[in-house]
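Data from run_4.cif: mmCIF, C-alpha atoms
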```cif
data_work
loop_
_atom_site.label_atom_id
_atom_site.label_comp_id
_atom_site.auth_asym_id
_atom_site.auth_seq_id
_atom_site.Cartn_x
_atom_site.Cartn_y
_atom_site.Cartn_z
CA MET A 1 -16.10 -5.25 -11.15
CA THR A 2 -15.29 -4.58 -14.79
CA GLY A 3 -15.04 -7.71 -16.95
CA ILE A 4 -11.63 -9.31 -17.31
CA SER A 5 -12.08 -9.70 -21.07
CA GLN A 6 -11.46 -5.97 -21.45
CA TYR A 7 -7.91 -6.39 -20.13
CA PRO A 8 -5.97 -8.75 -22.45
CA ALA A 9 -2.77 -8.23 -20.44
CA PHE A 10 -4.34 -10.11 -17.52
CA ALA A 11 -3.90 -13.83 -18.12
CA GLN A 12 -6.93 -16.08 -17.79
CA PRO A 13 -5.80 -19.53 -16.62
CA SER A 14 -8.25 -22.17 -15.43
CA VAL A 15 -7.83 -20.80 -11.90
CA ARG A 16 -9.66 -17.49 -12.16
CA ASP A 17 -7.11 -15.62 -10.06
CA GLY A 18 -9.65 -13.98 -7.76
CA PHE A 19 -12.13 -12.75 -10.38
CA CYS A 20 -14.94 -15.22 -9.52
CA ALA A 21 -17.99 -13.59 -7.93
CA ASN A 22 -17.99 -16.30 -5.26
CA ALA A 23 -14.78 -15.44 -3.40
CA GLY A 24 -14.83 -18.50 -1.15
CA GLU A 25 -15.27 -20.85 -4.09
CA THR A 26 -12.43 -19.08 -5.92
CA HIS A 27 -10.10 -19.67 -3.02
CA ARG A 28 -11.06 -23.35 -2.65
CA ARG A 29 -10.65 -24.06 -6.36
CA GLN A 30 -7.37 -22.18 -6.52
CA ARG A 31 -5.86 -24.15 -3.65
CA SER A 32 -7.06 -27.44 -5.17
CA ILE A 33 -5.63 -26.72 -8.60
CA LEU A 34 -2.38 -25.36 -7.18
CA GLN A 35 -1.90 -28.51 -5.12
CA ALA A 36 -2.37 -30.57 -8.29
CA VAL A 37 0.18 -28.45 -10.14
CA LEU A 38 2.75 -29.00 -7.41
CA VAL A 39 2.31 -32.80 -7.15
CA GLY A 40 5.55 -34.34 -8.36
CA ALA A 41 7.16 -30.91 -8.54
CA THR A 42 7.36 -29.83 -4.91
CA LEU A 43 10.56 -27.81 -4.67
CA THR A 44 12.55 -26.27 -1.87
CA ILE A 45 13.76 -22.70 -2.28
CA ALA A 46 17.22 -24.03 -3.03
CA GLY A 47 15.81 -25.97 -5.98
CA LEU A 48 14.30 -22.96 -7.75
CA PRO A 49 15.83 -21.88 -11.05
CA VAL A 50 18.44 -19.12 -10.95
CA SER A 51 16.69 -17.15 -13.69
CA SER A 52 12.96 -16.53 -13.89
CA ALA A 53 13.00 -15.17 -17.44
CA SER A 54 10.59 -16.82 -19.87
CA ALA A 55 12.20 -18.89 -22.60
CA ALA A 56 8.97 -20.12 -24.16
CA ASP A 57 7.83 -16.82 -25.67
CA ASP A 58 8.73 -13.16 -25.86
CA SER A 59 6.08 -11.92 -23.45
CA PHE A 60 7.10 -10.19 -20.26
CA LYS A 61 5.32 -11.78 -17.31
CA VAL A 62 4.41 -10.03 -14.07
CA GLY A 63 3.25 -12.29 -11.24
CA LEU A 64 0.85 -10.20 -9.15
CA VAL A 65 0.28 -11.76 -5.70
CA LEU A 66 -2.45 -10.03 -3.70
CA PRO A 67 -5.12 -10.70 -1.06
CA MET A 68 -8.20 -10.67 -3.29
CA THR A 69 -10.40 -12.49 -0.76
CA GLY A 70 -10.48 -12.50 3.01
CA PRO A 71 -10.19 -9.60 5.48
CA PHE A 72 -7.63 -7.67 3.41
CA ALA A 73 -9.40 -7.94 0.05
CA SER A 74 -9.85 -4.17 -0.18
CA THR A 75 -6.05 -3.76 -0.31
CA GLY A 76 -5.77 -6.30 -3.11
CA ARG A 77 -8.65 -4.78 -5.03
CA GLN A 78 -7.16 -1.29 -4.89
CA VAL A 79 -3.69 -2.41 -6.03
CA GLU A 80 -5.13 -4.55 -8.81
CA ASN A 81 -7.31 -1.74 -10.09
CA GLY A 82 -4.36 0.66 -10.01
CA VAL A 83 -2.49 -1.83 -12.21
CA ARG A 84 -5.48 -2.10 -14.54
CA THR A 85 -5.72 1.68 -14.83
CA TYR A 86 -2.07 1.88 -15.86
CA LEU A 87 -2.56 -0.82 -18.50
CA GLN A 88 -5.63 0.95 -19.83
CA GLN A 89 -3.71 4.21 -20.19
CA HIS A 90 -0.41 2.82 -21.51
CA GLY A 91 -1.28 -0.38 -23.35
CA ASP A 92 0.08 -3.89 -22.88
CA GLU A 93 3.20 -3.75 -25.04
CA VAL A 94 6.55 -2.17 -24.15
CA ALA A 95 9.72 -2.12 -26.28
CA GLY A 96 8.34 -4.96 -28.39
CA ARG A 97 7.46 -7.11 -25.35
CA LYS A 98 3.87 -8.12 -24.68
CA ILE A 99 2.99 -7.56 -20.99
CA GLU A 100 1.15 -10.42 -19.30
CA VAL A 101 -0.10 -9.95 -15.74
CA LEU A 102 -0.76 -13.17 -13.82
CA LEU A 103 -2.94 -12.36 -10.81
CA ARG A 104 -2.91 -14.76 -7.85
CA ASP A 105 -5.07 -14.52 -4.70
CA ASP A 106 -3.18 -15.37 -1.49
CA ALA A 107 -6.19 -14.48 0.71
CA GLY A 108 -3.82 -12.76 3.15
CA ASP A 109 -2.09 -16.03 4.13
CA PRO A 110 1.76 -16.07 3.99
CA ALA A 111 1.78 -19.82 3.25
CA ASN A 112 -0.38 -19.17 0.20
CA SER A 113 1.89 -16.29 -0.88
CA LYS A 114 4.89 -18.59 -0.79
CA ARG A 115 3.21 -21.40 -2.74
CA LEU A 116 1.78 -19.05 -5.35
CA ALA A 117 5.08 -17.24 -5.86
CA GLN A 118 6.80 -20.60 -6.31
CA GLU A 119 4.24 -21.61 -8.94
CA LEU A 120 4.70 -18.30 -10.76
CA LEU A 121 8.49 -18.63 -10.75
CA VAL A 122 8.76 -22.31 -11.64
CA THR A 123 5.75 -23.00 -13.84
CA ARG A 124 4.96 -19.62 -15.37
CA LYS A 125 8.53 -18.30 -15.35
CA VAL A 126 7.61 -14.73 -14.49
CA ASP A 127 10.11 -11.91 -14.99
CA VAL A 128 8.86 -9.85 -12.01
CA LEU A 129 6.95 -10.59 -8.83
CA ALA A 130 4.67 -7.78 -7.62
CA GLY A 131 1.87 -6.88 -5.22
CA PHE A 132 2.16 -8.08 -1.57
CA GLY A 133 -0.58 -6.53 0.50
CA LEU A 134 0.89 -7.12 3.97
CA THR A 135 4.31 -7.36 5.58
CA PRO A 136 4.13 -11.11 6.41
CA LEU A 137 3.11 -11.90 2.82
CA ALA A 138 6.11 -10.06 1.39
CA LEU A 139 8.49 -11.57 3.92
CA ALA A 140 7.32 -15.08 2.98
CA VAL A 141 8.27 -14.53 -0.66
CA ALA A 142 11.43 -12.42 -0.31
CA PRO A 143 13.88 -15.40 -0.04
CA MET A 144 12.59 -16.77 -3.36
CA ALA A 145 13.09 -13.42 -5.09
CA THR A 146 16.68 -13.40 -3.82
CA GLN A 147 17.35 -17.02 -4.80
CA THR A 148 15.99 -16.59 -8.33
CA LYS A 149 17.32 -13.03 -8.80
CA THR A 150 13.81 -11.85 -9.63
CA PRO A 151 12.85 -8.20 -9.00
CA MET A 152 10.03 -7.97 -6.47
CA VAL A 153 7.93 -4.80 -6.75
CA ILE A 154 6.17 -4.25 -3.41
CA MET A 155 3.01 -2.26 -4.01
CA ALA A 156 1.49 -2.20 -0.51
CA ALA A 157 3.33 -3.62 2.56
CA GLN A 158 4.84 -0.64 4.40
CA SER A 159 7.04 -1.96 7.23
CA LEU A 160 10.72 -1.07 6.95
CA ALA A 161 11.64 -4.75 7.41
CA VAL A 162 10.12 -5.62 4.03
CA ILE A 163 12.60 -3.74 1.86
CA ASN A 164 15.54 -5.24 3.77
CA ALA A 165 14.29 -8.80 3.32
CA SER A 166 15.65 -9.08 -0.24
CA PRO A 167 18.15 -7.05 -2.29
CA TYR A 168 15.77 -7.59 -5.23
CA ALA A 169 12.87 -5.73 -3.57
CA ILE A 170 11.68 -2.34 -4.85
CA ARG A 171 8.80 -0.58 -3.08
CA THR A 172 6.36 1.82 -4.75
CA SER A 173 4.00 2.49 -1.83
CA GLY A 174 5.53 4.16 1.22
CA THR A 175 6.81 3.33 4.67
CA ILE A 176 5.18 3.69 8.05
CA PRO A 177 7.86 6.16 9.28
CA GLN A 178 7.39 8.27 6.12
CA VAL A 179 3.65 8.55 6.64
CA THR A 180 3.71 8.91 10.44
CA MET A 181 6.38 11.60 10.41
CA GLY A 182 4.05 14.12 8.79
CA SER A 183 1.51 14.14 11.62
CA ALA A 184 4.24 14.30 14.29
CA VAL A 185 6.09 17.20 12.67
CA TRP A 186 2.87 19.14 12.08
CA ALA A 187 1.77 18.67 15.69
CA ALA A 188 5.08 19.85 17.11
CA LYS A 189 5.04 22.95 14.88
CA HIS A 190 1.53 23.92 15.85
CA GLY A 191 1.78 24.19 19.61
CA ILE A 192 0.64 20.70 20.56
CA LYS A 193 2.66 19.69 23.61
CA GLU A 194 1.08 16.55 25.11
CA VAL A 195 -0.06 13.66 22.90
CA ALA A 196 -1.50 10.22 23.59
CA THR A 197 -0.84 7.56 20.96
CA LEU A 198 -3.04 4.60 20.02
CA VAL A 199 -1.83 1.91 17.62
CA PRO A 200 -2.57 -1.76 16.85
CA ASP A 201 -0.50 -4.24 18.83
CA TYR A 202 1.55 -5.68 15.99
CA ALA A 203 4.76 -4.72 14.17
CA PRO A 204 3.40 -1.93 11.89
CA GLY A 205 1.63 -0.32 14.85
CA HIS A 206 4.78 -0.45 16.96
CA GLU A 207 6.73 1.08 14.07
CA SER A 208 4.27 3.96 13.80
CA GLU A 209 4.32 4.55 17.56
CA GLN A 210 8.11 4.73 17.52
CA ALA A 211 8.18 7.05 14.50
CA PHE A 212 5.70 9.47 16.09
CA LYS A 213 7.83 9.62 19.23
CA GLU A 214 10.95 10.24 17.13
CA PHE A 215 9.52 13.14 15.12
CA PHE A 216 7.35 14.79 17.78
CA LYS A 217 10.24 16.97 18.88
CA GLY A 218 10.52 20.12 20.92
CA PRO A 219 11.47 21.36 24.38
CA ASP A 220 7.95 20.91 25.76
CA GLN A 221 6.68 18.00 23.64
CA LYS A 222 5.72 14.87 25.58
CA ILE A 223 3.98 11.54 24.96
CA VAL A 224 1.64 11.11 27.92
CA SER A 225 0.22 7.70 27.05
CA GLU A 226 1.11 4.83 24.67
CA ILE A 227 -1.86 2.56 24.02
CA ARG A 228 -1.67 -0.65 21.98
CA VAL A 229 -4.95 -2.30 21.04
CA PRO A 230 -5.45 -5.92 19.93
CA MET A 231 -6.01 -6.46 16.20
CA ALA A 232 -8.78 -9.03 16.64
CA ASN A 233 -12.16 -7.37 17.35
CA PRO A 234 -10.79 -4.43 19.34
CA ASP A 235 -13.10 -2.70 21.82
CA PHE A 236 -12.04 0.94 21.71
CA ALA A 237 -14.41 2.21 24.42
CA PRO A 238 -12.16 1.72 27.50
CA PHE A 239 -9.15 3.22 25.71
CA VAL A 240 -11.11 6.25 24.55
CA ARG A 241 -12.46 6.82 28.07
CA ARG A 242 -8.91 6.69 29.47
CA ILE A 243 -7.72 9.24 26.90
CA LYS A 244 -10.62 11.57 27.68
CA ASP A 245 -9.77 11.43 31.38
CA GLN A 246 -6.08 12.19 30.67
CA LYS A 247 -7.00 15.30 28.63
CA PRO A 248 -3.94 15.42 26.32
CA ASP A 249 -3.59 18.22 23.77
CA ALA A 250 -4.18 15.70 20.97
CA LEU A 251 -4.52 12.00 20.18
CA TYR A 252 -2.44 10.28 17.46
CA VAL A 253 -3.94 7.11 15.95
CA MET A 254 -2.61 4.59 13.47
CA LEU A 255 -5.10 1.85 12.51
CA PRO A 256 -5.98 -0.05 9.31
CA ALA A 257 -8.97 1.37 7.45
CA GLY A 258 -11.62 -1.05 8.80
CA PRO A 259 -10.77 -0.69 12.52
CA GLY A 260 -10.06 2.98 11.84
CA ALA A 261 -13.68 3.56 10.80
CA ALA A 262 -14.90 1.84 13.97
CA PHE A 263 -12.57 3.98 16.06
CA LEU A 264 -13.89 7.19 14.49
CA LYS A 265 -17.41 6.35 15.62
CA GLU A 266 -16.22 5.72 19.18
CA TYR A 267 -14.15 8.94 19.14
CA ALA A 268 -17.22 10.91 18.09
CA ALA A 269 -19.59 9.13 20.48
CA ARG A 270 -17.34 9.88 23.47
CA GLY A 271 -17.11 13.56 22.51
CA LEU A 272 -13.30 13.84 22.45
CA ALA A 273 -13.33 16.63 19.87
CA LYS A 274 -15.78 18.64 21.98
CA ALA A 275 -13.54 17.99 24.99
CA GLY A 276 -10.68 19.70 23.15
CA ILE A 277 -8.76 16.55 22.14
CA PRO A 278 -8.28 16.78 18.37
CA LEU A 279 -7.42 13.66 16.38
CA LEU A 280 -4.19 13.32 14.39
CA ALA A 281 -3.81 10.17 12.33
CA HIS A 282 -1.88 8.02 9.91
CA GLY A 283 -3.56 8.34 6.52
CA ALA A 284 -5.04 4.82 6.63
CA VAL A 285 -7.56 5.97 9.25
CA THR A 286 -9.22 8.19 6.63
CA ASP A 287 -8.55 5.86 3.69
CA ASP A 288 -10.18 7.18 0.49
CA ASP A 289 -11.63 3.72 -0.10
CA PHE A 290 -13.86 4.03 3.00
CA LEU A 291 -13.87 7.73 3.86
CA ASN A 292 -17.38 8.55 2.65
CA GLU A 293 -18.78 5.76 4.82
CA SER A 294 -17.31 7.41 7.93
CA GLY A 295 -19.78 10.28 7.92
CA ASP A 296 -19.34 13.53 9.79
CA GLU A 297 -17.22 11.80 12.46
CA ALA A 298 -14.27 12.15 10.10
CA LEU A 299 -14.60 15.89 9.44
CA ASP A 300 -11.62 18.06 10.43
CA ILE A 301 -9.31 15.12 11.21
CA ILE A 302 -5.67 15.94 10.40
CA THR A 303 -3.74 13.15 8.73
CA SER A 304 -0.53 12.66 6.79
CA ASP A 305 0.13 10.41 3.81
CA TYR A 306 1.81 10.25 0.41
CA TYR A 307 -1.42 10.35 -1.60
CA SER A 308 -4.95 11.70 -1.60
CA ALA A 309 -7.56 11.30 -4.31
CA ALA A 310 -7.96 15.09 -3.94
CA HIS A 311 -4.33 15.79 -4.96
CA PRO A 312 -4.78 18.81 -7.27
CA SER A 313 -2.45 17.92 -10.18
CA GLU A 314 -3.81 17.41 -13.69
CA MET A 315 -2.14 13.99 -13.82
CA ASN A 316 -4.00 12.89 -10.70
CA LYS A 317 -7.31 14.21 -11.98
CA LYS A 318 -6.92 11.99 -15.05
CA PHE A 319 -5.84 9.03 -12.92
CA VAL A 320 -8.87 9.40 -10.65
CA ALA A 321 -11.25 9.83 -13.58
CA ASP A 322 -9.91 6.79 -15.44
CA PHE A 323 -9.83 4.69 -12.25
CA LYS A 324 -13.45 5.57 -11.49
CA GLN A 325 -14.53 4.79 -15.05
CA LEU A 326 -12.99 1.32 -14.83
CA ASN A 327 -14.30 0.61 -11.34
CA ASN A 328 -17.93 1.71 -11.17
CA GLY A 329 -17.15 5.09 -9.64
CA GLU A 330 -14.87 3.71 -6.92
CA ARG A 331 -12.24 6.17 -5.72
CA PRO A 332 -8.50 5.25 -5.76
CA ASN A 333 -6.55 5.21 -2.51
CA PHE A 334 -2.85 5.14 -1.61
CA PHE A 335 -2.56 1.45 -2.52
CA ALA A 336 -4.11 2.07 -5.96
CA VAL A 337 -1.52 4.71 -6.83
CA ALA A 338 1.23 2.36 -5.61
CA GLY A 339 -0.01 -0.33 -8.02
CA TYR A 340 -0.15 2.24 -10.81
CA ASP A 341 3.37 3.51 -10.09
CA GLY A 342 4.66 -0.04 -9.69
CA MET A 343 3.68 -0.77 -13.28
CA HIS A 344 5.35 2.48 -14.36
CA VAL A 345 8.61 1.37 -12.72
CA ILE A 346 8.34 -1.98 -14.52
CA TYR A 347 7.57 -0.40 -17.90
CA ASN A 348 10.46 2.06 -17.57
CA ALA A 349 12.84 -0.75 -16.64
CA ILE A 350 11.84 -2.81 -19.69
CA LYS A 351 12.55 0.22 -21.90
CA THR A 352 15.96 1.00 -20.41
CA ALA A 353 17.47 -2.27 -19.15
CA GLU A 354 20.33 -3.70 -21.20
CA ASP A 355 18.63 -7.10 -20.98
CA PRO A 356 15.07 -7.00 -19.58
CA GLY A 357 15.15 -10.79 -19.28
CA ASN A 358 18.01 -10.60 -16.79
CA GLY A 359 16.94 -9.96 -13.19
CA ASP A 360 20.03 -8.01 -12.24
CA ALA A 361 19.82 -5.78 -15.31
CA LEU A 362 16.12 -5.19 -14.69
CA LEU A 363 16.74 -4.33 -11.03
CA SER A 364 19.49 -1.89 -11.99
CA ALA A 365 17.11 -0.14 -14.40
CA MET A 366 14.55 0.21 -11.59
CA LYS A 367 16.91 1.66 -9.00
CA ASN A 368 17.53 5.12 -10.42
CA GLN A 369 14.14 6.12 -11.75
CA SER A 370 12.46 9.43 -11.04
CA PHE A 371 9.17 10.58 -12.52
CA GLU A 372 5.94 12.46 -11.97
CA SER A 373 3.26 10.31 -10.37
CA PRO A 374 -0.40 11.08 -9.65
CA ARG A 375 0.82 11.59 -6.07
CA GLY A 376 3.51 14.12 -7.14
CA PRO A 377 7.25 13.75 -7.83
CA VAL A 378 8.86 10.44 -6.82
CA ALA A 379 12.34 8.96 -7.10
CA VAL A 380 13.62 5.47 -6.31
CA ASP A 381 16.44 5.76 -3.78
CA PRO A 382 19.15 3.47 -5.23
CA GLU A 383 20.46 2.74 -1.72
CA THR A 384 17.20 1.80 0.01
CA ARG A 385 15.09 0.90 -3.06
CA ASP A 386 12.20 2.87 -1.53
CA PHE A 387 10.56 5.99 -2.93
CA ILE A 388 11.80 9.42 -1.92
CA GLN A 389 8.51 11.31 -2.00
CA ASN A 390 6.39 14.12 -0.64
CA ILE A 391 4.28 13.62 2.47
CA TYR A 392 1.13 15.73 2.57
CA ILE A 393 -0.68 17.10 5.61
CA ARG A 394 -4.42 16.79 4.96
CA LYS A 395 -7.69 17.76 6.59
CA VAL A 396 -10.97 15.91 6.02
CA GLU A 397 -13.42 18.29 4.35
CA ARG A 398 -16.65 17.98 2.44
CA VAL A 399 -16.17 18.82 -1.25
CA ASP A 400 -19.12 18.69 -3.66
CA GLY A 401 -21.01 16.56 -1.19
CA GLU A 402 -18.24 14.02 -0.61
CA LEU A 403 -15.55 13.67 2.06
CA TYR A 404 -11.96 14.14 0.90
CA ASN A 405 -8.51 14.39 2.45
CA VAL A 406 -7.71 17.93 1.33
CA GLU A 407 -3.97 18.67 1.29
CA PHE A 408 -2.89 21.94 2.90
CA ASP A 409 0.83 21.47 3.57
CA THR A 410 3.72 19.47 2.08
CA ILE A 411 6.92 18.01 3.47
CA LYS A 412 9.17 17.41 0.47
CA ASN A 413 11.67 14.67 -0.35
CA VAL A 414 11.01 12.35 2.58
CA LEU A 415 13.23 9.26 2.85
CA ASN A 416 11.97 5.84 3.92
CA THR A 417 13.12 6.50 7.50
CA GLY A 418 10.97 9.63 7.72
CA LYS A 419 13.95 11.94 7.54
CA THR A 420 14.12 14.49 4.72
CA LYS A 421 16.75 14.50 2.01
#
```
Can I see the file as structure tokens?
Amino acid sequence: MTGISQYPAFAQPSVRDGFCANAGETHRRQRSILQAVLVGATLTIAGLPVSSASAADDSFKVGLVLPMTGPFASTGRQVENGVRTYLQQHGDEVAGRKIEVLLRDDAGDPANSKRLAQELLVTRKVDVLAGFGLTPLALAVAPMATQTKTPMVIMAAQSLAVINASPYAIRTSGTIPQVTMGSAVWAAKHGIKEVATLVPDYAPGHESEQAFKEFFKGPDQKIVSEIRVPMANPDFAPFVRRIKDQKPDALYVMLPAGPGAAFLKEYAARGLAKAGIPLLAHGAVTDDDFLNESGDEALDIITSDYYSAAHPSEMNKKFVADFKQLNNGERPNFFAVAGYDGMHVIYNAIKTAEDPGNGDALLSAMKNQSFESPRGPVAVDPETRDFIQNIYIRKVERVDGELYNVEFDTIKNVLNTGKTK
């Protein structure tokens, strides 16, 4: 990882905020120091200040809460590095305000997210909360954002419930219905009539299953099997055998990147593609962060998502090049571009808000933004506070010796529900 000293906008308190090489030691020290900070100052949500604006100096503080250690560390790393790339390109000063990013590692634990957000609001007096790698982490913090009237820029968590948890939430990633819709619509348009679905047995998986059923429409379209797999150490073999015996026209899968890679190996080993059962998937299954590790098993898989590192715009080519330069050749994924765009929303709001130190004014300045992103055109829907954005249909292909999600079709102006504007 590139040294923190090259990024003056990232604060460097005694707790190293997830940058220590020994991740376990980082987490232990962070918890210990945080507990010391809160001794004598343990507050309920009702006791938090109404305004989170900093009175001590003129810097603008962004509290970035992410899982930097633990099983979801790849999500945190991608968002953080997207933020860093934006700072490298655009500097750390906006409209006369110095930008200070305070990174905190919640290790994927909602209780940690809540404690860390409280520390950022009360002790560090941040102007914006940001990050939130998973739905439970965002939901744990949302009541505090509402109580303190602090804008909360969600850069990862994709469940619809997240944006409704606080009127101060703005999301710069995407939603599960948005992403799922693309695969369902493409399948229905291309003569696929019978589909089996396989999703993880938790809320985001259920949401994806429901969205696929909603958008896989047509007189002959039918879901022949709905399979939900456990999140903890799933054994895909019996499910894949069942699907092969059913012989549907296609299989739709939504899984996080890690389990997704394991599923791809089982799919290939059982010969489903050779049996005429092509794989359709939510974009996380062929996540750019892990795609090259999947090998030939991933070739020809059709997915849908709001971003691919192979997006052909000049803006994205620069984003990818700068991201790789900062991160030892690592490729950005959909969470990285959400972190990048989240900072753009914040910077724009500081420039245009009547009073950037006022949470309501800052939120208002975020609600009506539209701009060109490395993913393509985006606009914040002022009603839902989610992005209206393009969803791309992609196919995994080998390009210059590497695997990429190559876009070949676009569904424009997709709302957070998956419907089009």
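Computed from the coordinates, the CA of Asp235 in chain A to CA of Ala269 in chain A distance equals 13.6 Å.
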Residues matched by the PyMOL selection byres ((chain A and resi 257) around 6) as an mmCIF file with C-alpha atoms, keeping the file's coordinate frame:
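Once everything was written out, this is expr.cif:
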```cif
data_model
loop_
_atom_site.group_PDB
_atom_site.id
_atom_site.type_symbol
_atom_site.label_atom_id
_atom_site.label_comp_id
_atom_site.auth_asym_id
_atom_site.auth_seq_id
_atom_site.Cartn_x
_atom_site.Cartn_y
_atom_site.Cartn_z
ATOM 1 C CA PRO A 256 -5.980 -0.050 9.310
ATOM 2 C CA GLY A 258 -11.620 -1.050 8.800
ATOM 3 C CA PRO A 259 -10.770 -0.690 12.520
ATOM 4 C CA GLY A 260 -10.060 2.980 11.840
ATOM 5 C CA ALA A 284 -5.040 4.820 6.630
ATOM 6 C CA VAL A 285 -7.560 5.970 9.250
ATOM 7 C CA ASP A 287 -8.550 5.860 3.690
#
```
Set the distance at 9 Å and use all atoms listed in the file: which residues neighbour Ala145 in chain A once local chain neighbours fewer than 3 positions away are removed? I'd like the list as an NGL selection string. :A and (117 or 121 or 128-129 or 141-142 or 148-152 or 166-169)
Filtering to C-alpha atoms, could you give me those residues as a short mmCIF file (atom, residue, chain, number, x, y, z; two decimals), keeping the file's coordinate frame?
```
data_model
loop_
_atom_site.label_atom_id
_atom_site.label_comp_id
_atom_site.auth_asym_id
_atom_site.auth_seq_id
_atom_site.Cartn_x
_atom_site.Cartn_y
_atom_site.Cartn_z
CA ALA A 117 5.08 -17.24 -5.86
CA LEU A 121 8.49 -18.63 -10.75
CA VAL A 128 8.86 -9.85 -12.01
CA LEU A 129 6.95 -10.59 -8.83
CA VAL A 141 8.27 -14.53 -0.66
CA ALA A 142 11.43 -12.42 -0.31
CA THR A 148 15.99 -16.59 -8.33
CA LYS A 149 17.32 -13.03 -8.80
CA THR A 150 13.81 -11.85 -9.63
CA PRO A 151 12.85 -8.20 -9.00
CA MET A 152 10.03 -7.97 -6.47
CA SER A 166 15.65 -9.08 -0.24
CA PRO A 167 18.15 -7.05 -2.29
CA TYR A 168 15.77 -7.59 -5.23
CA ALA A 169 12.87 -5.73 -3.57
#
```
Could you pull the residues within 6 Å of range 304-309 of chain A, counting only C-alpha atoms, minus those fewer than 6 positions along the same chain, as a PyMOL selection string? chain A and resi 179+182-183+282-283+334+375+391-394
Please, what distance in Å, to one decimal, runs between CA of Ile302 in chain A and CA of Leu280 in chain A?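 Distance reported for this atom pair: 5.0 Å.
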Show which residues sit within 8 Å of Val240 in chain A, as a CSV table (one decimal) with C-alpha atoms, keeping the file's coordinate frame. Count all atoms listed in the file, and ignore same-chain residues fewer than 3 positions away.
```csv
chain,number,residue,atom,x,y,z
A,236,PHE,CA,-12.0,0.9,21.7
A,237,ALA,CA,-14.4,2.2,24.4
A,243,ILE,CA,-7.7,9.2,26.9
A,244,LYS,CA,-10.6,11.6,27.7
A,266,GLU,CA,-16.2,5.7,19.2
A,267,TYR,CA,-14.2,8.9,19.1
A,270,ARG,CA,-17.3,9.9,23.5
```
Could you work out how far CA of Ala130 in chain A lies from CA of Ile346 in chain A, giving the answer in Å with one decimal? 9.7 Å
Just say which residues the PyMOL selection byres ((chain A and resi 411) around 6) picks in this file, as a PyMOL selection string. chain A and resi 390-391+410+412
Can you list, as a PyMOL selection string, every protein, DNA or RNA residue that comes within 8 Å of range 101-115 of chain A when you count only C-alpha atoms, leaving out same-chain residues fewer than 2 positions away? chain A and resi 9-12+17-18+27+61-73+99+117-119+133-134+136-138+140-141
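Counting all atoms listed in the file, Glu383 in chain A has the following residues at most 12 Å away, ignoring those fewer than 6 positions along the same chain: Ile163, Asn164, Pro167, Tyr168, Ala169, Ile170, Ser364, Met366, Lys367, Asn368, Leu415 and Asn416 of chain A.
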Given the choices A:Thr123, A:Asn292, A:Asn413, A:Ser159, which gets closest to Leu139 in chain A if the distance is worked out from all atoms listed in the file?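 Selected residue with least distance to Leu139 in chain A: A:Ser159.
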From the list A:Ser373, A:Asn348, A:Thr175, A:Ser294, which residue is nearest Arg398 in chain A when using only C-alpha atoms?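 Of A:Ser373, A:Asn348, A:Thr175, A:Ser294, the one nearest Arg398 in chain A is A:Ser294, counting only C-alpha atoms.
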Which is closest to Pro332 in chain A among A:Lys247, A:Lys318, A:Arg241, A:Arg171, if we use all atoms listed in the file?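 Looking at the shortest contact to Pro332 in chain A, the residue is A:Lys318.
Nearest to Ala298 in chain A of all the residues A:Asn81, A:Thr384, A:Asn405, A:Gln325 is A:Asn405, based on only C-alpha atoms.
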Please write as a PyMOL selection string the full residue list that the PyMOL selection byres ((chain A and resi 155) around 6) yields on this file. chain A and resi 131+154+156+172-173+338-339
Please produce an output containing C-alpha atoms for each residue in the selection, written as a PDB file, in the frame of the given file.
```
ATOM      1  CA  GLY A 131       1.870  -6.880  -5.220  1.00  0.00           C
ATOM      2  CA  ILE A 154       6.170  -4.250  -3.410  1.00  0.00           C
ATOM      3  CA  ALA A 156       1.490  -2.200  -0.510  1.00  0.00           C
ATOM      4  CA  THR A 172       6.360   1.820  -4.750  1.00  0.00           C
ATOM      5  CA  SER A 173       4.000   2.490  -1.830  1.00  0.00           C
ATOM      6  CA  ALA A 338       1.230   2.360  -5.610  1.00  0.00           C
ATOM      7  CA  GLY A 339      -0.010  -0.330  -8.020  1.00  0.00           C
TER       8      GLY A 339
END
```
Using only C-alpha atoms, which of A:Gly276, A:Gly418, A:Gly82, A:Gly218 sits nearest Gln178 in chain A?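 Using only C-alpha atoms, the shortest distance to Gln178 in chain A belongs to A:Gly418.
You can rank A:Val396, A:Ile388, A:Met343, A:Ile192 by their closest distance to His90 in chain A using only C-alpha atoms, and at the top of that list sits A:Met343.
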